[in-house]
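The structure file target_14.pdb is reproduced below (PDB, C-alpha atoms).
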```
ATOM      1  CA  MET A  20     -43.143  -2.215  16.090
ATOM      2  CA  SER A  21     -44.774  -1.870  12.738
ATOM      3  CA  TYR A  22     -43.384  -3.525   9.666
ATOM      4  CA  MET A  23     -42.262  -0.148   8.374
ATOM      5  CA  GLU A  24     -40.258   0.526  11.534
ATOM      6  CA  MET A  25     -38.666  -2.897  11.374
ATOM      7  CA  PHE A  26     -37.757  -2.307   7.751
ATOM      8  CA  VAL A  27     -36.113   1.036   8.580
ATOM      9  CA  ALA A  28     -34.204  -0.569  11.470
ATOM     10  CA  LEU A  29     -33.041  -3.328   9.149
ATOM     11  CA  LEU A  30     -31.834  -0.741   6.650
ATOM     12  CA  ALA A  31     -29.876   0.960   9.431
ATOM     13  CA  VAL A  32     -28.181  -2.302  10.350
ATOM     14  CA  ILE A  33     -27.325  -2.950   6.695
ATOM     15  CA  LEU A  34     -25.907   0.557   6.407
ATOM     16  CA  PHE A  35     -23.686   0.115   9.441
ATOM     17  CA  ALA A  36     -22.619  -3.345   8.312
ATOM     18  CA  SER A  37     -21.601  -1.900   4.942
ATOM     19  CA  VAL A  38     -19.629   0.859   6.620
ATOM     20  CA  SER A  39     -17.973  -1.746   8.836
ATOM     21  CA  VAL A  40     -16.971  -3.859   5.836
ATOM     22  CA  MET A  41     -15.547  -0.807   4.077
ATOM     23  CA  MET A  42     -13.582   0.123   7.197
ATOM     24  CA  ASN A  43     -12.188  -3.375   7.495
ATOM     25  CA  ARG A  44     -11.154  -3.360   3.860
ATOM     26  CA  ALA A  45      -9.373  -0.042   4.363
ATOM     27  CA  MET A  46      -7.534  -1.528   7.359
ATOM     28  CA  LEU A  47      -6.466  -4.534   5.317
ATOM     29  CA  GLU A  48      -5.199  -2.277   2.553
ATOM     30  CA  GLN A  49      -3.163  -0.416   5.148
ATOM     31  CA  TYR A  50      -1.766  -3.706   6.403
ATOM     32  CA  ASP A  51      -0.809  -4.496   2.810
ATOM     33  CA  LEU A  52       1.061  -1.205   2.709
ATOM     34  CA  LEU A  53       2.948  -2.225   5.835
ATOM     35  CA  VAL A  54       3.877  -5.590   4.314
ATOM     36  CA  ASN A  55       4.905  -3.837   1.117
ATOM     37  CA  ALA A  56       7.085  -1.364   3.019
ATOM     38  CA  SER A  57       8.860  -4.182   4.889
ATOM     39  CA  ALA A  58       9.413  -6.191   1.727
ATOM     40  CA  TYR A  59      10.654  -3.098  -0.098
ATOM     41  CA  LEU A  60      13.207  -2.396   2.621
ATOM     42  CA  GLN A  61      14.536  -5.930   2.591
ATOM     43  CA  ALA A  62      14.613  -6.057  -1.209
ATOM     44  CA  SER A  63      16.478  -2.771  -1.509
ATOM     45  CA  HIS A  64      19.131  -3.951   0.962
ATOM     46  CA  LEU A  65      19.501  -7.240  -0.906
ATOM     47  CA  ASN A  66      20.064  -5.303  -4.110
ATOM     48  CA  HIS A  67      22.558  -3.121  -2.332
ATOM     49  CA  SER A  68      24.501  -6.095  -0.956
ATOM     50  CA  ILE A  69      24.775  -7.723  -4.380
ATOM     51  CA  LEU A  70      26.131  -4.509  -5.897
ATOM     52  CA  ASP A  71      28.537  -4.209  -2.949
ATOM     53  CA  GLU A  72      29.593  -7.794  -3.520
ATOM     54  CA  ILE A  73      30.730  -6.920  -7.045
ATOM     55  CA  ASP A  74      32.623  -3.910  -5.724
ATOM     56  CA  SER A  75      34.355  -5.987  -3.077
ATOM     57  CA  LYS A  76      35.358  -8.726  -5.525
ATOM     58  CA  LEU A  77      36.722  -6.109  -7.919
ATOM     59  CA  PHE A  78      38.738  -4.549  -5.088
ATOM     60  CA  SER A  79      40.276  -7.869  -4.095
ATOM     61  CA  LYS A  80      40.828  -8.880  -7.734
ATOM     62  CA  GLN A  81      38.751 -12.005  -7.237
ATOM     63  CA  LEU A  82      36.668 -10.776 -10.137
ATOM     64  CA  ALA A  83      38.106  -9.470 -13.365
ATOM     65  CA  PHE A  84      36.342  -6.448 -14.806
ATOM     66  CA  LYS A  85      35.641  -8.228 -18.088
ATOM     67  CA  ASN A  86      34.007 -11.091 -16.187
ATOM     68  CA  ILE A  87      31.268  -8.970 -14.629
ATOM     69  CA  THR A  88      29.077  -9.436 -17.673
ATOM     70  CA  THR A  89      29.613 -13.196 -17.698
ATOM     71  CA  GLN A  90      29.280 -13.848 -13.965
ATOM     72  CA  TYR A  91      26.559 -11.371 -13.122
ATOM     73  CA  ASN A  92      23.917 -12.136 -15.695
ATOM     74  CA  THR A  93      21.986 -14.521 -13.545
ATOM     75  CA  THR A  94      19.077 -15.011 -11.190
ATOM     76  CA  ARG A  95      19.378 -15.754  -7.499
ATOM     77  CA  THR A  96      16.660 -17.143  -5.283
ATOM     78  CA  LEU A  97      17.328 -16.186  -1.702
ATOM     79  CA  ASN A  98      15.496 -17.836   1.172
ATOM     80  CA  LEU A  99      15.999 -15.454   4.046
ATOM     81  CA  GLN A 100      16.007 -17.407   7.282
ATOM     82  CA  HIS A 101      15.546 -14.428   9.549
ATOM     83  CA  ASN A 102      12.507 -12.766   8.061
ATOM     84  CA  GLY A 103      11.197 -15.900   6.432
ATOM     85  CA  GLY A 104      10.745 -14.613   2.891
ATOM     86  CA  THR A 105      11.839 -15.871  -0.479
ATOM     87  CA  TYR A 106      13.299 -13.179  -2.702
ATOM     88  CA  ASN A 107      14.092 -13.554  -6.373
ATOM     89  CA  VAL A 108      16.882 -11.315  -7.587
ATOM     90  CA  GLN A 109      17.451 -10.935 -11.278
ATOM     91  CA  ILE A 110      20.925  -9.589 -12.028
ATOM     92  CA  ALA A 111      21.662  -8.110 -15.441
ATOM     93  CA  ALA A 112      25.074  -6.766 -16.425
ATOM     94  CA  ALA A 113      25.783  -4.974 -19.671
ATOM     95  CA  TYR A 114      28.482  -2.760 -21.153
ATOM     96  CA  SER A 115      27.264   0.790 -21.084
ATOM     97  CA  ASP A 116      28.262   4.388 -21.506
ATOM     98  CA  SER A 117      29.324   6.509 -18.548
ATOM     99  CA  LEU A 118      25.681   7.301 -17.744
ATOM    100  CA  GLY A 119      24.698   3.641 -17.531
ATOM    101  CA  VAL A 120      22.884   3.434 -20.844
ATOM    102  CA  PRO A 121      23.611  -0.036 -22.281
ATOM    103  CA  LEU A 122      25.396  -0.106 -25.617
ATOM    104  CA  THR A 123      23.908  -2.138 -28.412
ATOM    105  CA  THR A 124      27.302  -2.776 -29.992
ATOM    106  CA  PRO A 125      29.984  -2.829 -27.292
ATOM    107  CA  GLU A 126      33.435  -1.845 -28.455
ATOM    108  CA  VAL A 127      36.732  -3.429 -27.497
ATOM    109  CA  ASN A 128      38.141  -2.570 -24.061
ATOM    110  CA  MET A 129      34.970  -1.045 -22.691
ATOM    111  CA  ILE A 130      35.464   0.628 -19.326
ATOM    112  CA  TYR A 131      31.864   0.903 -18.103
ATOM    113  CA  VAL A 132      29.548  -1.877 -17.020
ATOM    114  CA  ARG A 133      26.082  -1.311 -15.680
ATOM    115  CA  VAL A 134      24.674  -3.908 -13.321
ATOM    116  CA  ARG A 135      20.968  -3.795 -12.619
ATOM    117  CA  THR A 136      19.317  -5.841  -9.891
ATOM    118  CA  THR A 137      15.574  -6.418  -9.852
ATOM    119  CA  THR A 138      14.066  -8.040  -6.783
ATOM    120  CA  THR A 139      10.613  -9.482  -6.390
ATOM    121  CA  THR A 140       8.896 -11.245  -3.519
ATOM    122  CA  ALA A 141       5.437 -11.977  -2.174
ATOM    123  CA  GLY A 142       3.747  -8.867  -0.819
ATOM    124  CA  LEU A 143       5.830  -6.490  -2.864
ATOM    125  CA  ASN A 144       3.625  -4.436  -5.170
ATOM    126  CA  GLN A 145       6.384  -3.349  -7.541
ATOM    127  CA  PRO A 146       9.810  -4.949  -8.170
ATOM    128  CA  VAL A 147      12.655  -3.080  -6.502
ATOM    129  CA  VAL A 148      15.258  -2.042  -9.055
ATOM    130  CA  MET A 149      18.734  -0.758  -8.282
ATOM    131  CA  GLN A 150      21.679  -0.250 -10.573
ATOM    132  CA  ARG A 151      25.305   0.760 -10.370
ATOM    133  CA  VAL A 152      27.841   1.659 -13.020
ATOM    134  CA  TYR A 153      31.290   0.123 -12.554
ATOM    135  CA  THR A 154      34.305   1.799 -14.071
ATOM    136  CA  LYS A 155      37.480  -0.048 -14.968
ATOM    137  CA  THR A 156      40.550   1.429 -13.315
ATOM    138  CA  HIS A 157      44.203   0.422 -13.176
ATOM    139  CA  LEU A 158      43.404  -1.308  -9.873
ATOM    140  CA  ASN A 159      41.096  -3.823 -11.554
ATOM    141  CA  LEU A 160      42.097  -7.018 -13.222
TER     142      LEU A 160
ATOM    143  CA  MET B   3     -47.146  -6.392  25.118
ATOM    144  CA  SER B   4     -46.275  -4.864  21.773
ATOM    145  CA  ILE B   5     -44.598  -1.944  23.565
ATOM    146  CA  ILE B   6     -42.323  -4.344  25.457
ATOM    147  CA  LEU B   7     -41.418  -6.078  22.200
ATOM    148  CA  ASP B   8     -40.690  -2.660  20.654
ATOM    149  CA  ILE B   9     -38.386  -1.778  23.526
ATOM    150  CA  ILE B  10     -36.559  -5.129  23.401
ATOM    151  CA  GLY B  11     -36.132  -4.815  19.643
ATOM    152  CA  SER B  12     -34.808  -1.259  19.969
ATOM    153  CA  VAL B  13     -32.373  -2.296  22.709
ATOM    154  CA  ILE B  14     -31.035  -5.167  20.597
ATOM    155  CA  ILE B  15     -30.561  -2.961  17.530
ATOM    156  CA  GLY B  16     -29.061  -0.175  19.639
ATOM    157  CA  SER B  17     -26.629  -2.599  21.262
ATOM    158  CA  LEU B  18     -25.641  -3.924  17.872
ATOM    159  CA  LEU B  19     -24.894  -0.446  16.605
ATOM    160  CA  LEU B  20     -23.008   0.387  19.800
ATOM    161  CA  LEU B  21     -20.866  -2.730  19.398
ATOM    162  CA  MET B  22     -20.106  -1.697  15.837
ATOM    163  CA  LEU B  23     -19.042   1.742  16.993
ATOM    164  CA  ILE B  24     -16.776   0.240  19.661
ATOM    165  CA  THR B  25     -15.233  -2.077  17.046
ATOM    166  CA  PHE B  26     -14.703   0.898  14.772
ATOM    167  CA  GLN B  27     -12.928   2.712  17.573
ATOM    168  CA  TYR B  28     -10.535  -0.159  18.271
ATOM    169  CA  ARG B  29      -9.887  -0.661  14.580
ATOM    170  CA  MET B  30      -9.187   3.027  14.138
ATOM    171  CA  GLN B  31      -6.671   2.934  16.985
ATOM    172  CA  GLU B  32      -4.912  -0.096  15.535
ATOM    173  CA  ALA B  33      -4.876   1.386  12.055
ATOM    174  CA  GLY B  34      -3.465   4.632  13.384
ATOM    175  CA  ASP B  35      -0.785   2.747  15.263
ATOM    176  CA  ARG B  36       0.177   0.700  12.235
ATOM    177  CA  TYR B  37       0.291   3.844  10.140
ATOM    178  CA  VAL B  38       2.640   5.532  12.625
ATOM    179  CA  PHE B  39       4.694   2.335  12.774
ATOM    180  CA  MET B  40       4.912   2.187   9.014
ATOM    181  CA  GLN B  41       5.997   5.791   8.695
ATOM    182  CA  GLU B  42       8.474   5.930  11.547
ATOM    183  CA  MET B  43       9.822   2.418  11.687
ATOM    184  CA  THR B  44      10.374   1.949   7.970
ATOM    185  CA  GLU B  45      12.487   5.063   7.835
ATOM    186  CA  HIS B  46      14.210   4.161  11.096
ATOM    187  CA  ILE B  47      15.066   0.615   9.947
ATOM    188  CA  ASP B  48      16.396   1.916   6.640
ATOM    189  CA  LEU B  49      18.529   4.538   8.397
ATOM    190  CA  ALA B  50      19.846   1.951  10.862
ATOM    191  CA  ALA B  51      20.729  -0.535   8.118
ATOM    192  CA  VAL B  52      22.473   2.119   6.016
ATOM    193  CA  LYS B  53      24.368   3.370   9.074
ATOM    194  CA  LEU B  54      25.527  -0.121  10.031
ATOM    195  CA  ASN B  55      26.581  -0.827   6.442
ATOM    196  CA  LYS B  56      28.615   2.363   6.384
ATOM    197  CA  VAL B  57      30.242   1.653   9.754
ATOM    198  CA  ILE B  58      31.225  -1.891   8.782
ATOM    199  CA  ALA B  59      32.385  -0.857   5.289
ATOM    200  CA  LEU B  60      35.046   1.337   6.888
ATOM    201  CA  ALA B  61      36.340  -1.395   9.177
ATOM    202  CA  GLY B  62      40.046  -2.076   8.988
ATOM    203  CA  VAL B  63      41.221   1.125   7.363
ATOM    204  CA  GLY B  64      45.006   0.970   7.676
ATOM    205  CA  PHE B  65      45.018  -2.575   9.030
ATOM    206  CA  PRO B  66      45.934  -5.812   7.265
ATOM    207  CA  ALA B  67      42.847  -7.833   6.392
ATOM    208  CA  ASN B  68      43.530 -10.605   8.886
ATOM    209  CA  THR B  69      43.948  -8.278  11.878
ATOM    210  CA  THR B  70      40.909  -6.098  11.226
ATOM    211  CA  VAL B  71      38.409  -8.032  13.307
ATOM    212  CA  VAL B  72      39.154  -8.267  17.016
ATOM    213  CA  HIS B  73      36.073 -10.153  18.121
ATOM    214  CA  ALA B  74      33.514 -11.921  15.951
ATOM    215  CA  ALA B  75      30.685 -13.440  17.966
ATOM    216  CA  THR B  76      27.047 -14.080  17.128
ATOM    217  CA  ASP B  77      25.955 -11.253  19.416
ATOM    218  CA  SER B  78      28.681  -8.678  18.787
ATOM    219  CA  LEU B  79      31.369  -7.470  16.423
ATOM    220  CA  VAL B  80      34.524  -5.570  17.367
ATOM    221  CA  PHE B  81      37.061  -4.310  14.848
ATOM    222  CA  ASN B  82      40.028  -1.977  14.396
ATOM    223  CA  THR B  83      40.276   0.955  12.052
ATOM    224  CA  TYR B  84      42.051   4.252  11.579
ATOM    225  CA  TRP B  85      38.749   5.851  10.554
ATOM    226  CA  ASN B  86      37.275   8.227  13.105
ATOM    227  CA  TYR B  87      33.488   7.901  12.931
ATOM    228  CA  GLU B  88      32.866  10.976  15.059
ATOM    229  CA  THR B  89      34.714  13.309  12.733
ATOM    230  CA  ASP B  90      34.193  11.154   9.627
ATOM    231  CA  SER B  91      37.867  11.359   8.745
ATOM    232  CA  LEU B  92      41.128   9.457   8.848
ATOM    233  CA  GLN B  93      43.307   9.854  11.892
ATOM    234  CA  SER B  94      46.792   8.816  12.929
ATOM    235  CA  THR B  95      45.775   6.677  15.893
ATOM    236  CA  PRO B  96      43.654   3.542  15.572
ATOM    237  CA  VAL B  97      40.236   3.178  17.177
ATOM    238  CA  THR B  98      38.232   0.139  18.189
ATOM    239  CA  ILE B  99      34.606  -0.052  17.151
ATOM    240  CA  SER B 100      32.112  -2.363  18.818
ATOM    241  CA  ILE B 101      28.572  -3.165  17.735
ATOM    242  CA  ARG B 102      26.389  -4.976  20.221
ATOM    243  CA  LEU B 103      22.950  -5.065  21.755
ATOM    244  CA  THR B 104      22.836  -3.445  25.180
ATOM    245  CA  THR B 105      20.126  -3.206  27.799
ATOM    246  CA  LEU B 106      19.697   0.393  28.875
ATOM    247  CA  PRO B 107      17.829   1.551  31.996
ATOM    248  CA  SER B 108      14.047   1.913  31.806
ATOM    249  CA  PRO B 109      12.258   3.142  29.714
ATOM    250  CA  TYR B 110      14.716   2.541  26.867
ATOM    251  CA  GLY B 111      15.121  -1.230  27.087
ATOM    252  CA  LYS B 112      17.264  -3.039  24.538
ATOM    253  CA  THR B 113      19.246  -0.863  22.179
ATOM    254  CA  LEU B 114      21.871  -1.470  19.560
ATOM    255  CA  VAL B 115      24.921   0.553  20.531
ATOM    256  CA  ILE B 116      27.874   1.438  18.284
ATOM    257  CA  ARG B 117      30.858   2.423  20.414
ATOM    258  CA  GLN B 118      34.140   3.989  19.360
ATOM    259  CA  ASP B 119      36.791   3.229  21.984
ATOM    260  CA  GLY B 120      33.991   2.485  24.436
ATOM    261  CA  VAL B 121      32.054   5.710  23.829
ATOM    262  CA  PRO B 122      28.754   5.551  21.905
ATOM    263  CA  LEU B 123      28.781   7.516  18.664
ATOM    264  CA  ASN B 124      26.838  10.758  18.641
ATOM    265  CA  ASP B 125      25.241  10.140  15.272
ATOM    266  CA  LEU B 126      23.014   7.081  15.585
ATOM    267  CA  GLY B 127      25.312   5.546  18.184
ATOM    268  CA  TYR B 128      22.162   4.303  19.875
ATOM    269  CA  ILE B 129      19.736   2.544  17.579
ATOM    270  CA  PHE B 130      16.449   2.126  19.403
ATOM    271  CA  TRP B 131      13.628  -0.398  19.025
ATOM    272  CA  VAL B 132      16.082  -3.193  18.247
ATOM    273  CA  THR B 133      15.166  -6.271  20.260
ATOM    274  CA  GLY B 134      17.213  -8.853  18.424
ATOM    275  CA  LEU B 135      20.662  -8.833  16.839
ATOM    276  CA  SER B 136      22.606 -11.751  15.472
ATOM    277  CA  PHE B 137      25.767 -11.789  13.370
ATOM    278  CA  LYS B 138      26.865 -14.291  10.780
ATOM    279  CA  TYR B 139      30.306 -13.988   9.224
ATOM    280  CA  TYR B 140      31.585 -14.782   5.759
ATOM    281  CA  ASP B 141      35.104 -15.255   4.432
ATOM    282  CA  ARG B 142      36.464 -13.988   1.108
ATOM    283  CA  TYR B 143      34.807 -16.884  -0.723
ATOM    284  CA  ASP B 144      31.369 -16.114   0.780
ATOM    285  CA  ALA B 145      31.497 -19.192   2.983
ATOM    286  CA  LEU B 146      30.357 -18.994   6.594
ATOM    287  CA  THR B 147      33.207 -18.662   9.049
ATOM    288  CA  THR B 148      33.741 -18.231  12.778
ATOM    289  CA  THR B 149      37.456 -17.419  12.507
ATOM    290  CA  LYS B 150      37.937 -13.716  13.116
ATOM    291  CA  ALA B 151      41.031 -13.492  10.875
ATOM    292  CA  ASN B 152      38.961 -14.740   7.933
ATOM    293  CA  VAL B 153      35.974 -12.414   8.367
ATOM    294  CA  ARG B 154      35.378 -10.313   5.250
ATOM    295  CA  ALA B 155      31.635  -9.701   5.498
ATOM    296  CA  ALA B 156      29.056  -9.693   8.267
ATOM    297  CA  GLU B 157      25.389 -10.441   7.940
ATOM    298  CA  LEU B 158      23.223  -8.785  10.557
ATOM    299  CA  TRP B 159      19.899 -10.277  11.527
ATOM    300  CA  LEU B 160      17.980  -7.422  13.065
ATOM    301  CA  THR B 161      14.620  -7.549  14.809
ATOM    302  CA  PHE B 162      12.839  -4.279  15.441
ATOM    303  CA  SER B 163       9.766  -4.157  17.610
ATOM    304  CA  ARG B 164       7.550  -1.527  19.013
ATOM    305  CA  ALA B 165       4.686  -1.720  21.493
ATOM    306  CA  SER B 166       1.232  -1.551  19.985
ATOM    307  CA  THR B 167      -1.636   0.628  21.209
ATOM    308  CA  PRO B 168      -3.069  -0.258  24.616
ATOM    309  CA  THR B 169      -5.769  -2.415  23.044
ATOM    310  CA  GLY B 170      -4.032  -5.667  23.841
ATOM    311  CA  SER B 171      -2.659  -6.109  20.342
ATOM    312  CA  PRO B 172       0.689  -7.876  20.015
ATOM    313  CA  ASP B 173       3.847  -5.826  19.485
ATOM    314  CA  LEU B 174       4.567  -4.691  15.969
ATOM    315  CA  ILE B 175       7.633  -6.579  14.788
ATOM    316  CA  ASN B 176       9.771  -6.101  11.705
ATOM    317  CA  LYS B 177      12.786  -8.181  10.699
ATOM    318  CA  ILE B 178      15.542  -7.427   8.266
ATOM    319  CA  GLN B 179      18.828  -9.060   7.367
ATOM    320  CA  VAL B 180      21.615  -7.003   5.922
ATOM    321  CA  LYS B 181      24.940  -8.199   4.549
ATOM    322  CA  CYS B 182      27.740  -5.698   5.041
ATOM    323  CA  PHE B 183      31.127  -6.075   3.397
ATOM    324  CA  LEU B 184      34.335  -5.016   5.142
ATOM    325  CA  MET B 185      35.394  -3.143   2.026
ATOM    326  CA  ASN B 186      38.850  -2.231   3.277
ATOM    327  CA  THR B 187      39.757  -5.853   3.831
ATOM    328  CA  TYR B 188      38.924  -6.480   0.175
ATOM    329  CA  MET B 189      40.960  -3.454  -0.834
ATOM    330  CA  ARG B 190      43.880  -5.000   1.046
ATOM    331  CA  GLY B 191      43.492  -8.123  -1.091
ATOM    332  CA  ALA B 192      41.007  -9.849   1.215
TER     333      ALA B 192
END
```

Exercise: express the given structure as structure tokens:
Amino acid sequence: MSYMEMFVALLAVILFASVSVMMNRAMLEQYDLLVNASAYLQASHLNHSILDEIDSKLFSKQLAFKNITTQYNTTRTLNLQHNGGTYNVQIAAAYSDSLGVPLTTPEVNMIYVRVRTTTTTAGLNQPVVMQRVYTKTHLNL
Amino acid sequence: MSIILDIIGSVIIGSLLLLMLITFQYRMQEAGDRYVFMQEMTEHIDLAAVKLNKVIALAGVGFPANTTVVHAATDSLVFNTYWNYETDSLQSTPVTISIRLTTLPSPYGKTLVIRQDGVPLNDLGYIFWVTGLSFKYYDRYDALTTTKANVRAAELWLTFSRASTPTGSPDLINKIQVKCFLMNTYMRGA
């Protein structure tokens, strides 16, 4: 085998190695997508459960409507035993209009509160945000 | 002599390239499988979690809070309600809903089954690819409880798994935990 032939063969190996590396990177990116999808699912259900928790406490009158903004402006760190992840949930409650747009100067006896939950965790590309507008009724405290 | 060396060199390089192609093939299969898993399972898990949340939210319609839950074990939940899940409407006679993992005949394997008076629901009554289910129960103060009269929320630890491609890869497993509130028990004052 002449030097030229060996050189060409070497180039071929380098070419295939490069293709292999690119393929592997694409696979890893796809795996990242899978991790992201799983984390997104879990995060969205955590958000959902926190918003449901407020609903349930309002129903049972364990939570007064006016106390949503004081009790649900907080951050929770949840260590999920089953799937092994740590999720940080930022909860922000604010008086708003009926469409959920927060009011800069809340008036007396406001009847709408918007609660927004933002969850982050390792492997999640974008924070998962969910919000719900709560309306004061005669059933609430 | 040089011809023999040429042949040996060519065989080595050819084998190397062949091995790369075989690796590509296996990787492609795995990637395809993961892609299918991601598409189908993510949607399936979300649907299952939303369905279970809806079913549990309507537990105890028409019942006092402390008599809603009939059976609260780590592997199953049974409760009373006047809500008919088949017709999605209130009815005058109560029904009993059970949620538990059941082993079905081959090829189905383990399946999460939601039964209304012993009959699986038509709409997502069978939730496939669930290999693990565990319940934890909370009282009105969000403290863990094992007393059925005090149950106001249930946390489901679900494990979904699906066989990988026949390349010897391990099963694809996804876990999720969902907390579902028995909303009607809260509406009855918890």

Do a neighbour search on range 19-24 of chain B at 10 Å with all atoms listed in the file, toss out local chain neighbours closer than 6 positions, and write the hits as a compact mmCIF listing (two decimals) with C-alpha atoms, keeping the file's coordinate frame.
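The resulting part-v5.txt:
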```txt
# COMPACT_ATOMS: atom_id res chain seq x y z
CA ALA A 31 -29.88 0.96 9.43
CA VAL A 32 -28.18 -2.30 10.35
CA PHE A 35 -23.69 0.12 9.44
CA ALA A 36 -22.62 -3.34 8.31
CA VAL A 38 -19.63 0.86 6.62
CA SER A 39 -17.97 -1.75 8.84
CA VAL B 13 -32.37 -2.30 22.71
CA MET B 30 -9.19 3.03 14.14
```

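Each of A:Ser75, A:Glu48, A:Ser117, A:Leu70 was compared to Ala59 in chain B using all atoms listed in the file, and A:Ser75 turns out to be the nearest.
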
Using all atoms listed in the file, find each residue in chain B having at least one atom no more than 8 Å away from chain A; report its shortest atom-to-atom pair and that distance in Å (one decimal), rows by chain then rising number, as a Markdown table.
```
| residue | atom | partner | partner_atom | distance |
| --- | --- | --- | --- | --- |
| B:Ser4 | CA | A:Met20 | CA | 7.0 |
| B:Ile5 | CA | A:Met20 | CA | 7.6 |
| B:Leu7 | CA | A:Met20 | CA | 7.4 |
| B:Asp8 | CA | A:Met20 | CA | 5.2 |
| B:Ile15 | CA | A:Ala28 | CA | 7.5 |
| B:Leu19 | CA | A:Phe35 | CA | 7.3 |
| B:Met22 | CA | A:Ser39 | CA | 7.3 |
| B:Phe26 | CA | A:Ser39 | CA | 7.3 |
| B:Arg29 | CA | A:Met46 | CA | 7.6 |
| B:Ala33 | CA | A:Met46 | CA | 6.1 |
| B:Arg36 | CA | A:Leu53 | CA | 7.6 |
| B:Tyr37 | CA | A:Gln49 | CA | 7.4 |
| B:Met40 | CA | A:Leu53 | CA | 5.8 |
| B:Thr44 | CA | A:Ala56 | CA | 6.8 |
| B:Asp48 | CA | A:Leu60 | CA | 6.7 |
| B:Trp159 | CA | A:His101 | CA | 6.3 |
| B:Asn176 | CA | A:Ser57 | CA | 7.1 |
| B:Lys177 | CA | A:Asn102 | CA | 5.3 |
| B:Ile178 | CA | A:Gln61 | CA | 6.0 |
| B:Gln179 | CA | A:His101 | CA | 6.7 |
| B:Val180 | CA | A:His64 | CA | 6.3 |
| B:Lys181 | CA | A:Ser68 | CA | 5.9 |
| B:Cys182 | CA | A:Ser68 | CA | 6.8 |
| B:Phe183 | CA | A:Asp71 | CA | 7.1 |
| B:Met185 | CA | A:Ser75 | CA | 5.9 |
| B:Tyr188 | CA | A:Ser79 | CA | 4.7 |
| B:Met189 | CA | A:Phe78 | CA | 4.9 |
| B:Arg190 | CA | A:Ser79 | CA | 6.9 |
| B:Gly191 | CA | A:Ser79 | CA | 4.4 |
| B:Ala192 | CA | A:Ser79 | CA | 5.7 |
```

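In this structure, CA of Phe84 in chain A sits 9.7 Å away from CA of Met129 in chain A.
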
Worksheet item: In Å, with one decimal, what is the gap from CA of Leu82 in chain A to CA of His157 in chain A?
Response: 13.8 Å

Worksheet item: Can you list, as a list in words, every protein, DNA or RNA residue that comes within 10 Å of Asn92 in chain A when you count only C-alpha atoms, leaving out same-chain residues fewer than 3 positions away?
Response: Ile87, Thr88, Thr89, Gln109, Ile110, Ala111, Ala112, Ala113, Val134, Arg135 and Thr136 of chain A

Residues from last step as file, C-alpha atoms, as a PDB file, keeping the file's coordinate frame:
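As written to disk, again06.pdb reads:
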```pdb
ATOM      1  CA  ILE A  87      31.268  -8.970 -14.629  1.00  0.00           C
ATOM      2  CA  THR A  88      29.077  -9.436 -17.673  1.00  0.00           C
ATOM      3  CA  THR A  89      29.613 -13.196 -17.698  1.00  0.00           C
ATOM      4  CA  GLN A 109      17.451 -10.935 -11.278  1.00  0.00           C
ATOM      5  CA  ILE A 110      20.925  -9.589 -12.028  1.00  0.00           C
ATOM      6  CA  ALA A 111      21.662  -8.110 -15.441  1.00  0.00           C
ATOM      7  CA  ALA A 112      25.074  -6.766 -16.425  1.00  0.00           C
ATOM      8  CA  ALA A 113      25.783  -4.974 -19.671  1.00  0.00           C
ATOM      9  CA  VAL A 134      24.674  -3.908 -13.321  1.00  0.00           C
ATOM     10  CA  ARG A 135      20.968  -3.795 -12.619  1.00  0.00           C
ATOM     11  CA  THR A 136      19.317  -5.841  -9.891  1.00  0.00           C
TER      12      THR A 136
END
```

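Taking only C-alpha atoms into account, Gly119 in chain A lies nearest to A:Gln150 out of the set A:Ile33, A:Gln150, A:Gly104, A:Thr93.
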
Discussion item. To test your reading of the syntax: which residues would the PyMOL selection byres ((chain A and resi 152) around 6) return for the file shown? Reply as number ranges by chain.
Written reply: A: 119, 132-133, 151, 153

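The set of residues that the PyMOL selection byres ((chain A and resi 138) around 7) takes from this file is A:Ala62, A:Tyr106, A:Asn107, A:Val108, A:Gln109, A:Thr136, A:Thr137, A:Thr139, A:Thr140, A:Pro146, A:Val147, A:Val148.
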
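Of the listed residues (B:Leu54, B:Ala67, B:Leu60, B:Leu135), B:Leu60 comes nearest to Leu92 in chain B; the distances count all atoms listed in the file.
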
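Here the question is which of B:Val57, B:Val97, B:Val63, B:Ala50 gets nearest to Leu126 in chain B using only C-alpha atoms, and that residue is B:Ala50.
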
Fill in: Selection result of the PyMOL selection byres ((chain B and resi 141) around 7) on this file, as a VMD selection string
chain B and resid 139 to 140 142 to 147 152 to 155

Complete the atoms of range 31-36 of chain B to N, CA and C atoms and put them out as a short mmCIF file (atom, residue, chain, number, x, y, z; two decimals), in the coordinates of the input.
```
data_model
loop_
_atom_site.label_atom_id
_atom_site.label_comp_id
_atom_site.auth_asym_id
_atom_site.auth_seq_id
_atom_site.Cartn_x
_atom_site.Cartn_y
_atom_site.Cartn_z
N GLN B 31 -7.89 2.82 16.18
CA GLN B 31 -6.67 2.93 16.98
C GLN B 31 -5.57 2.06 16.40
N GLU B 32 -5.91 0.83 16.08
CA GLU B 32 -4.91 -0.10 15.54
C GLU B 32 -4.36 0.41 14.21
N ALA B 33 -5.30 0.90 13.37
CA ALA B 33 -4.88 1.39 12.06
C ALA B 33 -3.94 2.58 12.21
N GLY B 34 -4.30 3.47 13.14
CA GLY B 34 -3.46 4.63 13.38
C GLY B 34 -2.08 4.23 13.86
N ASP B 35 -2.06 3.22 14.74
CA ASP B 35 -0.78 2.75 15.26
C ASP B 35 0.06 2.13 14.15
N ARG B 36 -0.57 1.33 13.33
CA ARG B 36 0.18 0.70 12.24
C ARG B 36 0.69 1.76 11.25
#
```
